[in-house]
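Novice: Here it is, the structure, as structure tokens.
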Amino acid sequence: MNAHTNLADQDDLLRIEIYNMLAHLYRQAPEESVLEFLANLDVDTDKTFQRQTMASAWPLLKLAAQKTTLLSVEEEYQDVFIGIGRGEVIPFGSWYLTGSLMEMPLAYLRQDLKQLGFERAQSVIEPEDHISALLEVMAMLVEGGDEQLQQTFFNRHLAQWCEKFCTDLKAAKSAVFYTAVGELAWQFLTIEKTRFLESQ
């Protein structure tokens, strides 16, 4: 019983780490310390980063971190997510669900966030349906330990569009480092989607 609990705890700790890491990478271009961390992942022996079918994505991200530079990844982030007017990939749920920003999916999300007790920090200017914000909420819900809340939030606010977002990111013209981020996110979020479908 204790061994099973420990395994479940380790699994959730890993999920929290991955949600937070992806949220950080989607919120901003990685700092030098983050690139260095990713470039030195021990993907062959460190089981912390071996998660089901994700094992193939970690070496790709490690290599991408080794090959990029701080300047090039900052420029890449700018081109992919911000651009002039808009980036190549729009990281907002409303966009994927309705084709426009600030639509009803955002209003429903805000209702759910309020019920969960989450508030947007004053320093954050992006709407709450930014992919990084949703991943941050998922990390906190996993930390809270309520599987039902995780399932409900994921299925309502991520399941319908997260895989398409990752696919678009992998195909973005300016994406190099973020192609690897998109692949890791796609594999991880697909696993999460399956997890929550199976627990229904």
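Ligands are numbered from 1 in the order shown, chains are lettered A, B, ... in the order of the structure tokens, and residues start at 1 in each chain.
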Could you produce a table of the residues of segment 109-187 of chain A lying within 10 Å of segment 57-60 of chain A, with the nearest pair of atoms per residue and their separation in Å rounded to one decimal, using only C-alpha atoms, ordered by chain and increasing residue number, as a tab-separated table?
Specialist:
```
residue	atom	partner	partner_atom	distance
A:Phe177	CA	A:Leu60	CA	9.2
A:Thr179	CA	A:Leu60	CA	9.2
A:Ala180	CA	A:Leu60	CA	5.9
A:Val181	CA	A:Ala57	CA	8.6
A:Gly182	CA	A:Ala57	CA	9.5
A:Glu183	CA	A:Ala57	CA	6.4
A:Leu184	CA	A:Ala57	CA	5.2
A:Ala185	CA	A:Ala57	CA	8.9
A:Trp186	CA	A:Ala57	CA	9.5
A:Gln187	CA	A:Ala57	CA	7.6
```
Novice: For Val137 of chain A, work out the shell of residues within 9 Å, counting only C-alpha atoms and skipping chain neighbours fewer than 2 positions away, then give it as a ChimeraX atom specification.
Specialist: /A:19,113,118,132-135,139-142,153
Novice: Store the residues picked out above in a file with all heavy atoms, as a short mmCIF file (atom, residue, chain, number, x, y, z; two decimals), in the first residue's frame.
Specialist:
```cif
data_model
loop_
_atom_site.label_atom_id
_atom_site.label_comp_id
_atom_site.auth_asym_id
_atom_site.auth_seq_id
_atom_site.Cartn_x
_atom_site.Cartn_y
_atom_site.Cartn_z
N TYR A 19 4.11 20.26 -16.01
CA TYR A 19 3.15 21.35 -16.21
C TYR A 19 3.83 22.70 -15.99
O TYR A 19 3.66 23.63 -16.79
CB TYR A 19 1.96 21.20 -15.27
CG TYR A 19 0.81 20.37 -15.79
CD1 TYR A 19 0.40 19.23 -15.11
CD2 TYR A 19 0.14 20.73 -16.97
CE1 TYR A 19 -0.68 18.47 -15.59
CE2 TYR A 19 -0.93 19.98 -17.44
CZ TYR A 19 -1.32 18.85 -16.75
OH TYR A 19 -2.38 18.10 -17.23
N LEU A 113 -12.40 29.56 -12.65
CA LEU A 113 -11.25 30.00 -11.87
C LEU A 113 -11.70 30.68 -10.57
O LEU A 113 -11.10 30.48 -9.51
CB LEU A 113 -10.38 30.96 -12.68
CG LEU A 113 -9.61 30.34 -13.85
CD1 LEU A 113 -8.90 31.42 -14.65
CD2 LEU A 113 -8.61 29.29 -13.37
N PHE A 118 -8.89 30.99 -7.80
CA PHE A 118 -7.72 31.53 -8.50
C PHE A 118 -8.02 32.92 -9.03
O PHE A 118 -9.11 33.17 -9.56
CB PHE A 118 -7.32 30.63 -9.68
CG PHE A 118 -6.83 29.28 -9.27
CD1 PHE A 118 -7.47 28.13 -9.70
CD2 PHE A 118 -5.72 29.15 -8.44
CE1 PHE A 118 -7.02 26.87 -9.33
CE2 PHE A 118 -5.26 27.89 -8.06
CZ PHE A 118 -5.91 26.76 -8.50
N SER A 132 -0.12 29.05 -21.04
CA SER A 132 0.74 28.97 -19.86
C SER A 132 -0.07 29.08 -18.58
O SER A 132 0.20 28.39 -17.59
CB SER A 132 1.81 30.06 -19.90
OG SER A 132 1.24 31.35 -19.90
N ALA A 133 -1.09 29.95 -18.56
CA ALA A 133 -1.92 30.10 -17.37
C ALA A 133 -2.69 28.83 -17.07
O ALA A 133 -2.81 28.40 -15.91
CB ALA A 133 -2.89 31.28 -17.55
N LEU A 134 -3.21 28.19 -18.11
CA LEU A 134 -3.96 26.95 -17.92
C LEU A 134 -3.07 25.83 -17.40
O LEU A 134 -3.49 25.04 -16.56
CB LEU A 134 -4.62 26.54 -19.24
CG LEU A 134 -5.64 27.54 -19.80
CD1 LEU A 134 -6.13 27.09 -21.17
CD2 LEU A 134 -6.81 27.72 -18.85
N LEU A 135 -1.84 25.78 -17.90
CA LEU A 135 -0.91 24.76 -17.43
C LEU A 135 -0.52 25.02 -15.97
O LEU A 135 -0.34 24.08 -15.18
CB LEU A 135 0.34 24.72 -18.32
CG LEU A 135 0.09 24.31 -19.78
CD1 LEU A 135 1.37 24.44 -20.59
CD2 LEU A 135 -0.46 22.90 -19.87
N ALA A 139 -1.04 22.51 -12.77
CA ALA A 139 0.02 22.15 -11.82
C ALA A 139 -0.48 22.31 -10.38
O ALA A 139 -0.24 21.46 -9.53
CB ALA A 139 1.26 23.01 -12.05
N MET A 140 -1.19 23.40 -10.12
CA MET A 140 -1.71 23.64 -8.77
C MET A 140 -2.80 22.64 -8.41
O MET A 140 -2.91 22.21 -7.25
CB MET A 140 -2.21 25.08 -8.65
CG MET A 140 -1.07 26.10 -8.62
SD MET A 140 -1.62 27.80 -8.35
CE MET A 140 -2.14 28.25 -10.02
N LEU A 141 -3.62 22.26 -9.38
CA LEU A 141 -4.67 21.28 -9.10
C LEU A 141 -4.08 19.90 -8.83
O LEU A 141 -4.56 19.17 -7.96
CB LEU A 141 -5.65 21.21 -10.28
CG LEU A 141 -6.52 22.45 -10.50
CD1 LEU A 141 -7.39 22.29 -11.74
CD2 LEU A 141 -7.39 22.75 -9.28
N VAL A 142 -3.04 19.53 -9.56
CA VAL A 142 -2.37 18.26 -9.29
C VAL A 142 -1.76 18.30 -7.89
O VAL A 142 -1.85 17.33 -7.13
CB VAL A 142 -1.28 17.96 -10.35
CG1 VAL A 142 -0.51 16.69 -9.98
CG2 VAL A 142 -1.91 17.80 -11.73
N PHE A 153 -11.35 20.39 -14.94
CA PHE A 153 -10.71 21.58 -15.50
C PHE A 153 -10.04 21.26 -16.83
O PHE A 153 -10.20 22.01 -17.81
CB PHE A 153 -9.68 22.13 -14.51
CG PHE A 153 -9.11 23.46 -14.94
CD1 PHE A 153 -9.76 24.64 -14.61
CD2 PHE A 153 -7.96 23.52 -15.70
CE1 PHE A 153 -9.25 25.87 -15.03
CE2 PHE A 153 -7.44 24.74 -16.12
CZ PHE A 153 -8.10 25.92 -15.78
#
```
Novice: List every residue of segment 8-79 of chain A that DSSP, applied to the backbone of this structure, assigns to helix (DSSP H, G or I), and report them as a PyMOL selection string.
Specialist: chain A and resi 8-27+32-39+47-49+52-67+70-79
Novice: Write down as a list in words the residues belonging to segment 63-169 of chain A that are assigned strand (DSSP E or B) by DSSP computed on the backbone.
Specialist: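 The strand (DSSP E or B) residues within segment 63-169 of chain A come out as Ile84, Arg86, Phe92 and His130 of chain A.
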Novice: I'd like the neighbourhood of segment 104-108 of chain A as a count of residues only, where a residue qualifies if any of its atoms comes within 12 Å (using only C-alpha atoms), though same-chain residues fewer than 5 positions away should be ignored.
Specialist: 25
Novice: Choose the residue, out of A:Phe37, A:Gly144, A:Asn155, A:Asp112, that has the smallest atom-to-atom separation from Asp9 of chain A; count only C-alpha atoms.
Specialist: A:Gly144
Novice: Pick the closest to Glu76 of chain A from A:Leu101, A:Ile16, A:Leu197, A:Leu25: which is it, counting only C-alpha atoms?
Specialist: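 Ranked by minimum distance to Glu76 of chain A, first place goes to A:Leu25.
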Novice: When you look at Pro30 of chain A with a cut-off of 8 Å (counting only C-alpha atoms), what residues show up, excluding the ones that are within fewer than 6 positions of it in the same chain? I need them as a list in words.
Specialist: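 Contacts, in chain order: His24, Leu70, Val73 and Glu74 of chain A.
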Novice: Would you work out the distance separating atom CA of Thr152 of chain A from atom CA of Thr190 of chain A, expressed in Å to one decimal?
Specialist: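 Distance reported for this atom pair: 15.7 Å.
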Novice: Mind giving me the straight-line distance from atom CA of Ala171 of chain A to atom CA of Leu35 of chain A in Å, one decimal?
Specialist: 21.6 Å
Novice: Distance table requested - segment 79-130 of chain A against segment 162-169 of chain A, cut-off 8 Å, only C-alpha atoms: one row per qualifying residue with the closest atom pair and its distance in Å to one decimal, ordered by chain and rising residue number, as CSV.
Specialist:
```
residue,atom,partner,partner_atom,distance
A:Val80,CA,A:Leu169,CA,7.9
A:Val89,CA,A:Leu169,CA,6.3
A:Pro91,CA,A:Phe165,CA,7.2
A:Tyr96,CA,A:Phe165,CA,7.7
```
Novice: Just the number, please: distance in Å from atom CA of Ile84 of chain A to atom CA of Val176 of chain A, one decimal.
Specialist: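 Pair atom CA of Ile84 of chain A / atom CA of Val176 of chain A returns 19.1 Å.
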